[in-house]
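Encoded as structure tokens, the structure appears first; notes follow it.
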Amino acid sequence: MTSASASLDWAVRLLYLQSVGMAGLTAYLIVLDLTSSAADLGVAVSLTVMAALAAVVIFLVARALGRRKVRARGPAVVIQLFLLATGGFLLQVGPVWLGVVLLVLAAITAVLVLLPRSGRALGVD
């Protein structure tokens with residue numbers, strides 16, 4: 001790992017962590033789906049599918065960024081913007097601790113992706 005790619009490597013690690021978090025959320029939603037009433041099942045299953053798709057997309061973006069694909073930089077930043085919005089929402093409605101964790105994680109990851117050193121590692125500069 002060179003110093004030019006260290007920030008990008010850490011951003012990739014944090015994106016993989018976010019993918020694992022979404023996979024965990026998907027597993028939790030599957031458990032809730034199995035115990036929900038029939039009236040709520042359609043909405044519950046669609047939410048679970050969306051969470052699973054998000055986990056896959058975040059994983060694919062992390063993998064592409066790890067392979068130094070410059071086109072993955074934009075989607076990585078967009079993912080962080082969604083995470084910042086989710087963290088802000090959780091600060092308002094709770095649990096506050098999770099909102100703080102998401103805000104810090106998203107801010108650190110976005111900064112790491114956007115650092116000039118990461119751009120050089122991707123061949124942008």
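Residues are named by chain letter and number: chains run A, B, ... in the order of the structure tokens, numbers start at 1 in each chain, and ligands are numbered from 1 in the order shown.
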Open item on the list: Report as a PyMOL selection string all protein, DNA and RNA residues lying within 12 Å of Leu91 of chain A, evaluated on only C-alpha atoms, omitting residues in the same chain fewer than 5 positions from it.
Closed with: chain A and resi 84-86+96-103
Can you write out the residues you just picked, keeping N, CA and C atoms, as a compact mmCIF listing (two decimals), in the first residue's frame?
```txt
# COMPACT_ATOMS: atom_id res chain seq x y z
N LEU A 84 -25.57 10.02 4.89
CA LEU A 84 -25.67 11.26 5.67
C LEU A 84 -27.13 11.63 5.91
N ALA A 85 -27.96 11.48 4.89
CA ALA A 85 -29.39 11.78 5.06
C ALA A 85 -30.03 10.84 6.07
N THR A 86 -29.67 9.57 6.00
CA THR A 86 -30.22 8.60 6.95
C THR A 86 -29.75 8.91 8.37
N VAL A 96 -30.49 7.90 18.41
CA VAL A 96 -29.52 8.97 18.16
C VAL A 96 -28.11 8.42 17.98
N TRP A 97 -27.73 7.43 18.78
CA TRP A 97 -26.38 6.89 18.69
C TRP A 97 -26.11 6.33 17.30
N LEU A 98 -27.09 5.69 16.70
CA LEU A 98 -26.91 5.13 15.36
C LEU A 98 -26.80 6.25 14.33
N GLY A 99 -27.57 7.32 14.52
CA GLY A 99 -27.46 8.47 13.63
C GLY A 99 -26.07 9.08 13.66
N VAL A 100 -25.50 9.19 14.86
CA VAL A 100 -24.15 9.74 14.99
C VAL A 100 -23.13 8.83 14.31
N VAL A 101 -23.27 7.53 14.52
CA VAL A 101 -22.35 6.57 13.88
C VAL A 101 -22.43 6.68 12.36
N LEU A 102 -23.64 6.73 11.82
CA LEU A 102 -23.79 6.83 10.37
C LEU A 102 -23.24 8.14 9.82
N LEU A 103 -23.48 9.23 10.52
CA LEU A 103 -22.95 10.52 10.08
C LEU A 103 -21.43 10.53 10.06
```
TODO: Find the residues near segment 68-72 of chain A: any atom within 6 Å, counting only C-alpha atoms, skip ones fewer than 4 places away on the same chain, and give them as an NGL selection string.
DONE: :A and (61 or 64 or 122)
Dump as a short mmCIF file (atom, residue, chain, number, x, y, z; two decimals), in the first residue's frame, selection limited to C-alpha atoms:
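That gives us result_0.cif:
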```
data_model
loop_
_atom_site.label_atom_id
_atom_site.label_comp_id
_atom_site.auth_asym_id
_atom_site.auth_seq_id
_atom_site.Cartn_x
_atom_site.Cartn_y
_atom_site.Cartn_z
CA VAL A 61 -19.01 -0.06 -5.79
CA ALA A 64 -14.81 -1.39 -8.34
CA LEU A 122 -7.38 6.46 -9.40
#
```
Open item on the list: Under the rule that only C-alpha atoms are counted, which of A:Gln18, A:Ser37, A:Thr26, A:Gln80 is the nearest residue to Ala106 of chain A?
Closed with: A:Gln80
Open item on the list: as a PyMOL selection string, please: every residue in chain A that a backbone DSSP assignment puts in alpha helix (DSSP H).
Closed with: chain A and resi 3-34+41-66+73-93+96-114+116-122
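Reported to one decimal place, the separation of atom CA of Ser7 of chain A from atom CA of Ser19 of chain A is 18.5 Å.
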Open item on the list: I want to know what sits within 10 Å of Gly24 of chain A, based on only C-alpha atoms, with residues of the same chain fewer than 5 positions away left out; could you give that as a PyMOL selection string?
Closed with: chain A and resi 18-19+29-30+51-52+55
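One distance worth recording is that between atom CA of Val20 of chain A and atom CA of Ile79 of chain A, which is 14.1 Å.
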